[in-house]
There are 4 protein chains.
Amino acid sequence: MEKLDILCVGTDARMTYTAKELTQYGSVYTYGTTDDGTLPHMLSSPGEMPVKADMLVLGIIRGDGLDVGMFRNTPINCMDLSPCLKRGAVVIGGKLNIKIIEYFSSLGFEVRDYLKREELVLRNTVPTAEGALEIALRELAVTVRDSRCLILGSGRVAGACAELFSAVGAHTDICARDLSALTAFAIKGHGVFMLTELGEHIGSYDLVINTVPAMVLRRDHLCRCSKKCLIIDLASAPGGTDKQAAKDLGIRCIHALGLPGRCAPVTAGKIIADTAIQILKERRNTDVT
Amino acid sequence: MEKLDILCVGTDARMTYTAKELTQYGSVYTYGTTDDGTLPHMLSSPGEMPVKADMLVLGIIRGDGLDVGMFRNTPINCMDLSPCLKRGAVVIGGKLNIKIIEYFSSLGFEVRDYLKREELVLRNTVPTAEGALEIALRELAVTVRDSRCLILGSGRVAGACAELFSAVGAHTDICARDLSALTAFAIKGHGVFMLTELGEHIGSYDLVINTVPAMVLRRDHLCRCSKKCLIIDLASAPGGTDKQAAKDLGIRCIHALGLPGRCAPVTAGKIIADTAIQILKERRNTDVT
Amino acid sequence: MEKLDILCVGTDARMTYTAKELTQYGSVYTYGTTDDGTLPHMLSSPGEMPVKADMLVLGIIRGDGLDVGMFRNTPINCMDLSPCLKRGAVVIGGKLNIKIIEYFSSLGFEVRDYLKREELVLRNTVPTAEGALEIALRELAVTVRDSRCLILGSGRVAGACAELFSAVGAHTDICARDLSALTAFAIKGHGVFMLTELGEHIGSYDLVINTVPAMVLRRDHLCRCSKKCLIIDLASAPGGTDKQAAKDLGIRCIHALGLPGRCAPVTAGKIIADTAIQILKERRNTDVT
Amino acid sequence: MEKLDILCVGTDARMTYTAKELTQYGSVYTYGTTDDGTLPHMLSSPGEMPVKADMLVLGIIRGDGLDVGMFRNTPINCMDLSPCLKRGAVVIGGKLNIKIIEYFSSLGFEVRDYLKREELVLRNTVPTAEGALEIALRELAVTVRDSRCLILGSGRVAGACAELFSAVGAHTDICARDLSALTAFAIKGHGVFMLTELGEHIGSYDLVINTVPAMVLRRDHLCRCSKKCLIIDLASAPGGTDKQAAKDLGIRCIHALGLPGRCAPVTAGKIIADTAIQILKERRNTDVT
């Protein structure tokens with residue numbers, strides 16, 4: 001691949017590391033990104049950009065307008081960034097809203113959301129599971145080894161947690177809705193049961209990890225938990241636990257979000273960089289064909 | 001085994017859980033032990049002891065005299081405890097000093113130090129390794145999976161760390177003095193090298209865990225470490241790292257002591273209780289023979 | 001579940017064990033099934049069946065007519081079996097052909113193919129991977145530990161082999177067509193590359209396991225294999241290896257089919273029995289609803 | 001290390017691979033060794049040796065005299081070999097008898113037995129455990145995964161088997177004499193019990209692997225085994241199983257000896273070569289000091 005000019009914008013904790021990782025592919029310029037003293041080419045304004053970029057990399061978008069982040073208390077707006085881009089450039093970001101997608105698309109740029117890339121989502125399950133393990137190691141008064149751990153859900157994060165917690169010696173059971181998915185866990189040695197049976201079994205666990213983005217840990221389940229049980233809820237807000245019930249019952253519940261960026265920002269930044277480059281490669285292959 | 005009367009004394013964080021664990025073997029009385037609201041038979045003074053105990057369980061002894069802990073700002077002295085013991089009782093504690101050993105022995109009690117029991121030391125390696133993993137997960141900006149980890153030493157703690165860090169996907173190499181020990185690690189898939197070669201290799205690791213209770217991580221080694229390298233020193237005080245050099249060089253070094261009691265007090269308390277009971281059983285077997 | 005009457009028919013090696021496993025659910029009758037001396041209720045002809053069955057379990061069907069197996073050199077025909085079935089009974093078999101399906105359906109029986117059940121296919125990957133490991137252990141002149149192993153494909157069998165060969169310490173890489181699938185393997189620590197790059201890499205492996213049912217190991221790939229390389233082809237006939245080329249080049253290639261029944265008939269029989277019961281349970285739940 | 005001249009002698013299956021592995025360290029001559037078509041410098045008689053050797057490598061010695069192997073139906077005698085050696089050369093072999101040791105020592109050569117080297121014994125446990133696994137995969141009618149496996153003994157081979165059988169998903173328990181050794185297995189997740197309790201427990205296993213070189217599997221134990229139980233006896237002759245009792249009771253017992261050379265001759269040959277070179281290196285370090 002020829003050398004690229006890349007503009008990285010945003011205050012996402014990972015962006016610093018995404019930018020650094022991308023320097024191996026060309027010249028990287030950053031705007032609004034936290035400096036750890038080693039970032040090259042930091043811009044004070046988009047106007048300082050000395051070349052036009054092949055790729056614009058944005059962090060996770062929080063709002064629903066054209067602002068993509070903040071810099072010195074001022075919003076960073078897409079309209080300030082588009083002049084920095086080469087014709088045919090690619091715009092890459094996370095949770096891109098419809099306005100941003102339409103804005104850049106209307107100018108002829110290709111727009112891609114890295115959170116919709118299977119390989120990024122998969123790779124992020126590793127720091128997510130590690131974040132959950134860190135919490136368990138810190139909060140449990142027993143060793144994780146030989147503890148009884150229940151994972152709710154059978155998706156990618158559930159799979160990563162099941163593998164990691166088993167690897168460290170926890171007895172790790174899976175509770176989910178889908179029989180086929182449960183069988184896949186069973187043949188790896190996990191105990192499994194259907195979500196409908198949660199109430200019967202929940203009382204025997206030291207640790208419950210929820211990955212299901214729906215209200216699955218209801219008051220009637222929490223009533224049956226051991227008082228020493230720890231709940232780690234990894235489901236995106238508002239999570240899958242009746243938090244008020246947990247509070248009333250004195251059950252510890254930690255709702256942990258954004259673990260990749262918080263627990264392993266370097267790895268998380270590298271995952272975004274790798275995905276950005278992969279998107280670019282696939283696009284060029286398509287162009288050629 | 002017939003029901004025992006047991007007296008647990010001391011402020012060690014684990015003692016609460018040791019005492020609770022022991023309740024399955026008989027009546028347990030505690031003195032000077034932190035109450036978590038569930039402890040039975042707490043004494044305000046040894047004189048309240050309603051029966052004579054078959055076994056006295058002490059925490060880790062800190063000083064070199066006959067005091068074995070504190071209660072309400074007053075030292076707890078062996079001489080207050082001995083009247084509570086049945087003839088032929090066993091006294092069990094950790095790091096028992098020579099005065100305590102001689103005191104109880106002279107009264108005809110059998111005295112045993114649980115820290116000298118192989119099975120306790122072995123079982124404690126599990127919470128120790130978990131404590132080290134918790135630190136690594138918290139402090140490293142990369143995932144532990146795929147990180148490069150070096151363990152110094154080839155003893156029991158080194159073995160537990162090697163197993164645990166490998167299990168979570170770190171590339172885990174071992175550096176030690178003894179070729180046979182290194183071979184045992186090599187056949188488990190670890191990279192290995194001799195301590196004399198530490199300087200050549202140390203530069204390539206994200207994480208170095210020391211278990212050797214001697215100055216092995218000298219300034220000349222630390223000079224070659226990556227700036228991002230994290231050192232976790234598990235060796236008993238003063239540890240095996242030149243801390244001043246680490247500070248001068250901006251290398252993070254965490255000296256982590258007493259991990260079992262701090263990270264997994266329930267498990268650590270159970271390990272002591274199991275060992276106490278095992279000591280008692282062996283003694284009775286011997287008596288019979 | 002009330003006690004069932006079950007008729008098991010066929011010479012499939014697993015049927016003996018399927019029948020035995022099913023005895024816990026009721027009375028099991030067998031016809032045309034290999035006796036290991038412990039089978040109850042063996043019939044000399046379907047006419048001996050003393051009751052009508054709730055379920056008919058057939059082995060894997062080989063032909064395309066109404067014959068489902070052989071007994072004493074005489075074909076066993078569906079028309080002999082249907083009179084043994086209760087009204088509303090379920091007929092379960094493997095690779096059921098269209099004539100058999102239509103025959104039993106037309107009589108009002110429910111017909112189900114267990115080879116189309118995800119949980120059976122998944123559970124069968126375990127004995128399949130074990131069969132592949134047995135071959136590798138037997139045929140390789142090096143230990144499997146530390147050997148270099150390549151798996152072609154990213155499906156369920158590939159996943160089971162990747163997990164098992166890694167577990168025993170082989171360096172296990174995956175080669176497949178799909179980037180997402182490869183990423184899922186990569187985060188478990190496997191090396192991965194695209195099928196288009198097979199030629200570049202194949203030369204460095206001691207063992208290649210194919211799971212892709214298409215001609216993927218062509219002469220031009222085999223030319224680049226080490227002479228000591230062993231190929232285990234698990235893809236259903238005709239397999240995915242150019243066998244003539246392998247022969248010409250002196251590359252050992254073992255085409256291993258039907259491993260579950262051959263390597264672990266008891267487990268394989270139990271998997272069929274469990275699936276049969278599960279089919280029955282789901283059907284009753286549906287009936288109720 | 002400067003280039004060596006090495007003479008490899010003997011018909012041990014591994015010698016061919018030992019010789020080949022050693023070619024990276026210098027010129028290797030072989031005598032009486034099985035040719036696989038790729039061996040360089042095969043001698044028809046020791047007299048053909050064109051240089052004097054720095055090292056003589058012998059296979060496993062079977063008798064108690066000065067013969068070290070056979071070539072074309074003629075014994076190979078030490079007296080024919082000693083003239084091929086340089087002054088101060090090293091003689092390395094397995095199970096060297098006292099006559100051979102004294103013969104070469106008296107001529108001023110250093111004599112070393114590689115079977116007494118800890119690193120060789122440890123590394124050989126890997127192909128031994130793999131050989132046991134191959135037998136289990138072949139002979140058991142259930143999958144090894146989820147099977148119940150008992151290992152007798154707590155030494156190096158027991159450890160390697162425990163690790164390997166657990167890795168493939170067997171429930172692997174350990175039965176031995178020593179409490180500390182059992183604890184080391186227990187903290188790795190194995191079930192453990194004392195040898196004195198063998199009779200109580202043996203009935204529940206699918207597979208029993210013995211590593212203890214003493215009669216531990218007596219008739220009274222075998223009486224309690226399941227009829228389907230498989231016994232793999234890895235203890236050196238005569239093994240630790242009452243074979244007559246096993247036969248009488250219809251319990252399958254496979255006494256497997258010399259697994260490294262039979263199952264993984266290339267790896268086993270490399271282990272000997274590596275050990276030979278290591279012996280040489282240590283000797284030179286000593287010379288220098």
# chains A, B, ... in the order shown; residues from 1 in each chain; ligands from 1

call {"tool": "interface_residues", "arguments": {"of": "chain C", "to": "chain D", "cutoff": "12 Å", "atoms": "only C-alpha atoms", "output": "VMD selection string"}}
result
chain C and resid 13 to 14 17 123 to 147 160 to 170 228 259 to 271

call {"tool": "calpha_fit_and_write", "arguments": {"fixed": "chain D", "moving": "chain C", "output": "CSV table (one decimal) with C-alpha atoms, in the first residue's frame"}}
result
chain,number,residue,atom,x,y,z
C,1,MET,CA,30.9,-23.9,19.6
C,2,GLU,CA,33.4,-25.1,17.1
C,3,LYS,CA,32.3,-27.8,14.6
C,4,LEU,CA,32.3,-31.3,16.2
C,5,ASP,CA,33.0,-34.7,14.9
C,6,ILE,CA,30.4,-37.1,16.3
C,7,LEU,CA,30.0,-40.8,16.0
C,8,CYS,CA,26.4,-42.2,16.6
C,9,VAL,CA,26.2,-46.0,17.1
C,10,GLY,CA,23.2,-48.3,17.6
C,11,THR,CA,20.0,-49.6,16.3
C,12,ASP,CA,17.7,-47.7,18.6
C,13,ALA,CA,14.9,-46.4,16.5
C,14,ARG,CA,15.6,-42.9,17.6
C,15,MET,CA,19.3,-42.9,16.7
C,16,THR,CA,18.6,-42.1,13.1
C,17,TYR,CA,16.9,-38.9,14.2
C,18,THR,CA,19.5,-38.1,16.9
C,19,ALA,CA,22.2,-38.3,14.2
C,20,LYS,CA,20.3,-36.1,11.8
C,21,GLU,CA,19.7,-33.5,14.5
C,22,LEU,CA,23.3,-33.5,15.4
C,23,THR,CA,24.5,-32.6,11.9
C,24,GLN,CA,23.9,-29.0,12.6
C,25,TYR,CA,26.7,-29.1,15.1
C,26,GLY,CA,29.3,-30.7,12.8
C,27,SER,CA,30.1,-33.9,11.0
C,28,VAL,CA,28.1,-36.9,12.1
C,29,TYR,CA,29.1,-40.5,11.3
C,30,THR,CA,26.8,-43.4,12.0
C,31,TYR,CA,27.4,-47.1,12.4
C,32,GLY,CA,24.7,-49.8,12.8
C,33,THR,CA,22.0,-47.2,12.5
C,34,THR,CA,18.8,-47.7,10.5
C,35,ASP,CA,19.0,-45.7,7.3
C,36,ASP,CA,16.0,-43.8,6.1
C,37,GLY,CA,17.8,-42.7,3.0
C,38,THR,CA,18.9,-39.3,4.3
C,39,LEU,CA,21.7,-40.2,6.7
C,40,PRO,CA,25.1,-38.9,5.9
C,41,HIS,CA,28.4,-40.7,6.5
C,42,MET,CA,27.2,-44.2,7.2
C,43,LEU,CA,30.1,-46.5,8.1
C,44,SER,CA,30.4,-50.2,7.3
C,45,SER,CA,32.9,-50.6,10.1
C,46,PRO,CA,34.3,-48.4,12.8
C,47,GLY,CA,37.6,-48.6,11.0
C,48,GLU,CA,36.2,-46.4,8.2
C,49,MET,CA,36.0,-43.5,10.5
C,50,PRO,CA,38.1,-40.8,8.8
C,51,VAL,CA,38.6,-38.6,11.9
C,52,LYS,CA,38.6,-39.1,15.6
C,53,ALA,CA,35.3,-38.2,17.3
C,54,ASP,CA,34.7,-35.6,20.0
C,55,MET,CA,31.6,-37.5,21.1
C,56,LEU,CA,30.3,-41.0,20.9
C,57,VAL,CA,26.5,-41.3,21.2
C,58,LEU,CA,25.1,-44.7,22.0
C,59,GLY,CA,21.5,-45.9,22.1
C,60,ILE,CA,19.8,-47.6,25.0
C,61,ILE,CA,22.0,-50.5,26.2
C,62,ARG,CA,20.1,-53.8,26.6
C,63,GLY,CA,22.7,-56.2,28.0
C,64,ASP,CA,25.2,-56.2,30.8
C,65,GLY,CA,28.4,-56.6,28.8
C,66,LEU,CA,30.5,-54.4,26.4
C,67,ASP,CA,28.2,-54.9,23.4
C,68,VAL,CA,26.2,-51.7,22.6
C,69,GLY,CA,24.1,-52.9,19.7
C,70,MET,CA,24.1,-55.2,16.6
C,71,PHE,CA,25.1,-54.6,13.0
C,72,ARG,CA,24.5,-57.1,10.3
C,73,ASN,CA,24.0,-59.8,12.9
C,74,THR,CA,27.3,-59.0,14.6
C,75,PRO,CA,27.5,-57.4,18.0
C,76,ILE,CA,29.0,-54.0,18.2
C,77,ASN,CA,31.6,-54.0,20.9
C,78,CYS,CA,33.0,-51.0,22.8
C,79,MET,CA,36.5,-52.1,22.0
C,80,ASP,CA,35.9,-51.5,18.3
C,81,LEU,CA,34.6,-48.0,19.1
C,82,SER,CA,37.2,-46.6,21.5
C,83,PRO,CA,39.9,-46.3,18.8
C,84,CYS,CA,37.5,-43.9,17.0
C,85,LEU,CA,37.6,-41.4,19.8
C,86,LYS,CA,39.7,-38.3,20.3
C,87,ARG,CA,41.6,-38.0,23.6
C,88,GLY,CA,39.2,-36.5,26.2
C,89,ALA,CA,36.1,-37.4,24.1
C,90,VAL,CA,32.7,-37.8,25.8
C,91,VAL,CA,30.7,-41.1,25.6
C,92,ILE,CA,27.0,-40.7,26.0
C,93,GLY,CA,24.4,-43.4,26.2
C,94,GLY,CA,21.2,-44.7,27.9
C,95,LYS,CA,21.1,-47.3,30.7
C,96,LEU,CA,24.9,-47.6,30.4
C,97,ASN,CA,25.9,-50.7,32.4
C,98,ILE,CA,28.8,-50.7,34.8
C,99,LYS,CA,31.2,-52.5,32.4
C,100,ILE,CA,30.7,-50.0,29.7
C,101,ILE,CA,31.1,-47.1,32.1
C,102,GLU,CA,34.3,-48.6,33.5
C,103,TYR,CA,35.7,-49.5,30.1
C,104,PHE,CA,35.5,-46.0,28.7
C,105,SER,CA,36.4,-44.3,32.0
C,106,SER,CA,39.5,-46.3,32.3
C,107,LEU,CA,40.6,-45.0,28.9
C,108,GLY,CA,40.2,-41.4,30.1
C,109,PHE,CA,36.8,-40.7,28.4
C,110,GLU,CA,34.0,-39.0,30.2
C,111,VAL,CA,30.9,-41.2,30.3
C,112,ARG,CA,27.4,-39.9,30.8
C,113,ASP,CA,24.0,-41.5,30.9
C,114,TYR,CA,21.4,-39.3,29.3
C,115,LEU,CA,18.6,-41.2,31.0
C,116,LYS,CA,19.9,-39.7,34.3
C,117,ARG,CA,19.5,-36.2,32.9
C,118,GLU,CA,16.4,-34.5,34.4
C,119,GLU,CA,15.8,-32.4,31.3
C,120,LEU,CA,15.7,-35.5,29.1
C,121,VAL,CA,13.4,-37.4,31.5
C,122,LEU,CA,11.1,-34.4,31.7
C,123,ARG,CA,11.0,-33.8,27.9
C,124,ASN,CA,10.3,-37.5,27.4
C,125,THR,CA,7.1,-37.2,29.4
C,126,VAL,CA,5.5,-35.4,26.5
C,127,PRO,CA,5.7,-38.2,24.0
C,128,THR,CA,4.9,-40.7,26.8
C,129,ALA,CA,1.7,-38.8,27.6
C,130,GLU,CA,0.8,-38.5,23.9
C,131,GLY,CA,1.4,-42.2,23.5
C,132,ALA,CA,-1.0,-42.9,26.4
C,133,LEU,CA,-3.6,-40.5,24.8
C,134,GLU,CA,-3.3,-42.3,21.5
C,135,ILE,CA,-4.1,-45.6,23.2
C,136,ALA,CA,-7.0,-44.1,25.0
C,137,LEU,CA,-8.5,-42.5,21.9
C,138,ARG,CA,-8.1,-45.8,20.0
C,139,GLU,CA,-9.4,-48.1,22.7
C,140,LEU,CA,-12.2,-46.3,24.5
C,141,ALA,CA,-15.7,-46.5,23.0
C,142,VAL,CA,-16.5,-43.2,24.6
C,143,THR,CA,-14.9,-39.9,23.8
C,144,VAL,CA,-11.9,-39.0,26.0
C,145,ARG,CA,-13.6,-35.7,26.6
C,146,ASP,CA,-16.0,-36.1,29.5
C,147,SER,CA,-14.6,-39.5,30.3
C,148,ARG,CA,-13.5,-40.2,33.8
C,149,CYS,CA,-9.8,-40.8,34.0
C,150,LEU,CA,-7.7,-41.8,37.1
C,151,ILE,CA,-4.0,-41.4,37.2
C,152,LEU,CA,-1.9,-43.4,39.7
C,153,GLY,CA,1.2,-41.7,40.8
C,154,SER,CA,2.4,-38.1,41.3
C,155,GLY,CA,5.7,-38.1,39.4
C,156,ARG,CA,6.7,-36.5,36.2
C,157,VAL,CA,4.9,-38.9,33.9
C,158,ALA,CA,1.7,-38.6,36.0
C,159,GLY,CA,2.0,-34.8,35.8
C,160,ALA,CA,2.3,-34.9,32.0
C,161,CYS,CA,-0.6,-37.3,31.7
C,162,ALA,CA,-2.8,-35.2,34.1
C,163,GLU,CA,-2.1,-32.1,32.1
C,164,LEU,CA,-2.7,-33.7,28.7
C,165,PHE,CA,-5.9,-35.6,29.6
C,166,SER,CA,-7.3,-32.6,31.3
C,167,ALA,CA,-6.5,-30.4,28.3
C,168,VAL,CA,-8.6,-32.7,26.1
C,169,GLY,CA,-11.5,-32.5,28.5
C,170,ALA,CA,-11.3,-35.7,30.5
C,171,HIS,CA,-12.2,-35.5,34.2
C,172,THR,CA,-8.8,-36.4,35.5
C,173,ASP,CA,-8.3,-37.4,39.1
C,174,ILE,CA,-5.0,-38.3,40.8
C,175,CYS,CA,-4.3,-41.0,43.3
C,176,ALA,CA,-1.0,-41.1,45.1
C,177,ARG,CA,0.8,-41.6,48.4
C,178,ASP,CA,2.0,-38.1,49.1
C,179,LEU,CA,-0.3,-35.3,50.4
C,180,SER,CA,1.8,-32.4,49.2
C,181,ALA,CA,2.0,-33.9,45.7
C,182,LEU,CA,-1.8,-34.4,45.7
C,183,THR,CA,-2.3,-30.8,46.8
C,184,ALA,CA,-0.2,-29.6,43.8
C,185,PHE,CA,-2.6,-31.5,41.6
C,186,ALA,CA,-5.7,-30.3,43.5
C,187,ILE,CA,-4.8,-26.6,42.9
C,188,LYS,CA,-4.7,-27.3,39.2
C,189,GLY,CA,-8.3,-28.5,39.4
C,190,HIS,CA,-7.8,-32.3,39.6
C,191,GLY,CA,-9.8,-34.4,42.0
C,192,VAL,CA,-7.3,-36.2,44.3
C,193,PHE,CA,-7.3,-39.0,46.9
C,194,MET,CA,-4.8,-41.1,48.7
C,195,LEU,CA,-3.6,-44.5,47.4
C,196,THR,CA,-5.1,-46.2,50.5
C,197,GLU,CA,-8.6,-45.1,49.2
C,198,LEU,CA,-8.1,-46.6,45.7
C,199,GLY,CA,-10.5,-49.5,46.3
C,200,GLU,CA,-13.3,-47.2,47.2
C,201,HIS,CA,-13.0,-45.0,44.1
C,202,ILE,CA,-11.7,-47.1,41.3
C,203,GLY,CA,-15.2,-48.4,40.3
C,204,SER,CA,-16.1,-45.0,38.8
C,205,TYR,CA,-13.5,-44.6,36.1
C,206,ASP,CA,-13.5,-45.3,32.4
C,207,LEU,CA,-9.7,-45.2,32.2
C,208,VAL,CA,-6.9,-45.8,34.7
C,209,ILE,CA,-3.4,-44.8,33.9
C,210,ASN,CA,-0.7,-46.2,36.1
C,211,THR,CA,2.7,-44.6,36.5
C,212,VAL,CA,3.8,-46.3,39.7
C,213,PRO,CA,6.5,-48.9,39.3
C,214,ALA,CA,5.1,-51.2,42.1
C,215,MET,CA,2.1,-53.5,42.3
C,216,VAL,CA,-0.6,-50.9,42.9
C,217,LEU,CA,-3.4,-52.3,40.8
C,218,ARG,CA,-4.1,-55.5,42.7
C,219,ARG,CA,-6.8,-58.1,42.2
C,220,ASP,CA,-8.9,-56.6,44.9
C,221,HIS,CA,-8.8,-53.3,43.1
C,222,LEU,CA,-9.5,-54.7,39.7
C,223,CYS,CA,-12.5,-56.6,41.0
C,224,ARG,CA,-14.1,-53.2,41.6
C,225,CYS,CA,-13.4,-51.8,38.2
C,226,SER,CA,-16.1,-51.3,35.6
C,227,LYS,CA,-15.9,-54.0,32.9
C,228,LYS,CA,-15.5,-51.3,30.3
C,229,CYS,CA,-12.6,-49.8,32.2
C,230,LEU,CA,-9.3,-49.5,30.2
C,231,ILE,CA,-6.0,-49.7,32.1
C,232,ILE,CA,-2.9,-48.2,30.5
C,233,ASP,CA,0.2,-49.2,32.5
C,234,LEU,CA,3.1,-46.9,31.8
C,235,ALA,CA,5.3,-48.2,34.7
C,236,SER,CA,8.6,-49.9,33.6
C,237,ALA,CA,8.5,-53.7,33.5
C,238,PRO,CA,7.0,-55.6,35.1
C,239,GLY,CA,4.4,-52.7,35.5
C,240,GLY,CA,2.1,-52.1,38.4
C,241,THR,CA,-0.9,-54.1,37.5
C,242,ASP,CA,-1.8,-57.7,38.4
C,243,LYS,CA,-2.1,-58.8,34.8
C,244,GLN,CA,-3.3,-62.3,35.5
C,245,ALA,CA,-6.1,-60.8,37.6
C,246,ALA,CA,-7.0,-58.3,34.8
C,247,LYS,CA,-7.1,-61.2,32.4
C,248,ASP,CA,-9.3,-63.3,34.7
C,249,LEU,CA,-11.7,-60.5,35.2
C,250,GLY,CA,-11.9,-59.5,31.5
C,251,ILE,CA,-10.4,-56.0,32.2
C,252,ARG,CA,-8.4,-54.6,29.3
C,253,CYS,CA,-4.9,-53.7,30.3
C,254,ILE,CA,-2.3,-52.3,27.9
C,255,HIS,CA,1.3,-52.2,29.2
C,256,ALA,CA,2.9,-49.5,27.1
C,257,LEU,CA,6.7,-49.2,27.2
C,258,GLY,CA,9.2,-47.1,25.3
C,259,LEU,CA,6.5,-44.7,24.1
C,260,PRO,CA,8.8,-41.8,23.1
C,261,GLY,CA,10.8,-43.9,20.7
C,262,ARG,CA,7.7,-45.7,19.3
C,263,CYS,CA,5.3,-42.8,19.1
C,264,ALA,CA,7.5,-39.8,18.2
C,265,PRO,CA,10.9,-41.1,17.2
C,266,VAL,CA,11.9,-37.8,15.6
C,267,THR,CA,11.1,-35.8,18.7
C,268,ALA,CA,12.7,-38.5,20.9
C,269,GLY,CA,15.8,-38.5,18.8
C,270,LYS,CA,16.0,-34.7,19.0
C,271,ILE,CA,15.7,-34.8,22.8
C,272,ILE,CA,18.7,-37.1,22.9
C,273,ALA,CA,20.7,-34.9,20.6
C,274,ASP,CA,19.8,-31.8,22.6
C,275,THR,CA,20.8,-33.5,25.8
C,276,ALA,CA,24.1,-34.6,24.3
C,277,ILE,CA,25.0,-31.1,23.2
C,278,GLN,CA,24.0,-29.7,26.6
C,279,ILE,CA,26.3,-32.2,28.3
C,280,LEU,CA,29.1,-31.1,26.1
C,281,LYS,CA,28.4,-27.4,26.8
C,282,GLU,CA,28.3,-27.9,30.5
C,283,ARG,CA,31.6,-29.8,30.4
C,284,ARG,CA,33.3,-27.1,28.4
C,285,ASN,CA,32.0,-24.4,30.8
C,286,THR,CA,33.5,-26.5,33.7
C,287,ASP,CA,36.8,-26.9,31.8
C,288,VAL,CA,37.0,-23.2,31.5
C,289,THR,CA,36.3,-22.6,35.1

call {"tool": "select_by_dssp", "arguments": {"residues": "region 52-200 of chain A", "states": "helix (DSSP H, G or I)", "output": "ChimeraX atom specification"}}
result
/A:78-84,98-106,114-116,118-139,156-167,179-186,195-200

call {"tool": "decode", "arguments": {"residues": "region 137-150 of chain A", "atoms": "C-alpha atoms", "output": "compact mmCIF listing (two decimals), in the first residue's frame"}}
result
# COMPACT_ATOMS: atom_id res chain seq x y z
CA LEU A 137 -10.67 -10.61 40.83
CA ARG A 138 -10.96 -7.31 42.67
CA GLU A 139 -14.44 -7.73 44.12
CA LEU A 140 -14.78 -11.39 45.00
CA ALA A 141 -13.59 -12.47 48.44
CA VAL A 142 -12.94 -15.95 47.07
CA THR A 143 -10.52 -16.88 44.32
CA VAL A 144 -12.03 -16.87 40.85
CA ARG A 145 -10.55 -20.34 40.50
CA ASP A 146 -13.09 -22.81 41.84
CA SER A 147 -15.73 -20.08 42.07
CA ARG A 148 -19.12 -20.73 40.53
CA CYS A 149 -19.75 -18.35 37.66
CA LEU A 150 -22.88 -17.97 35.56
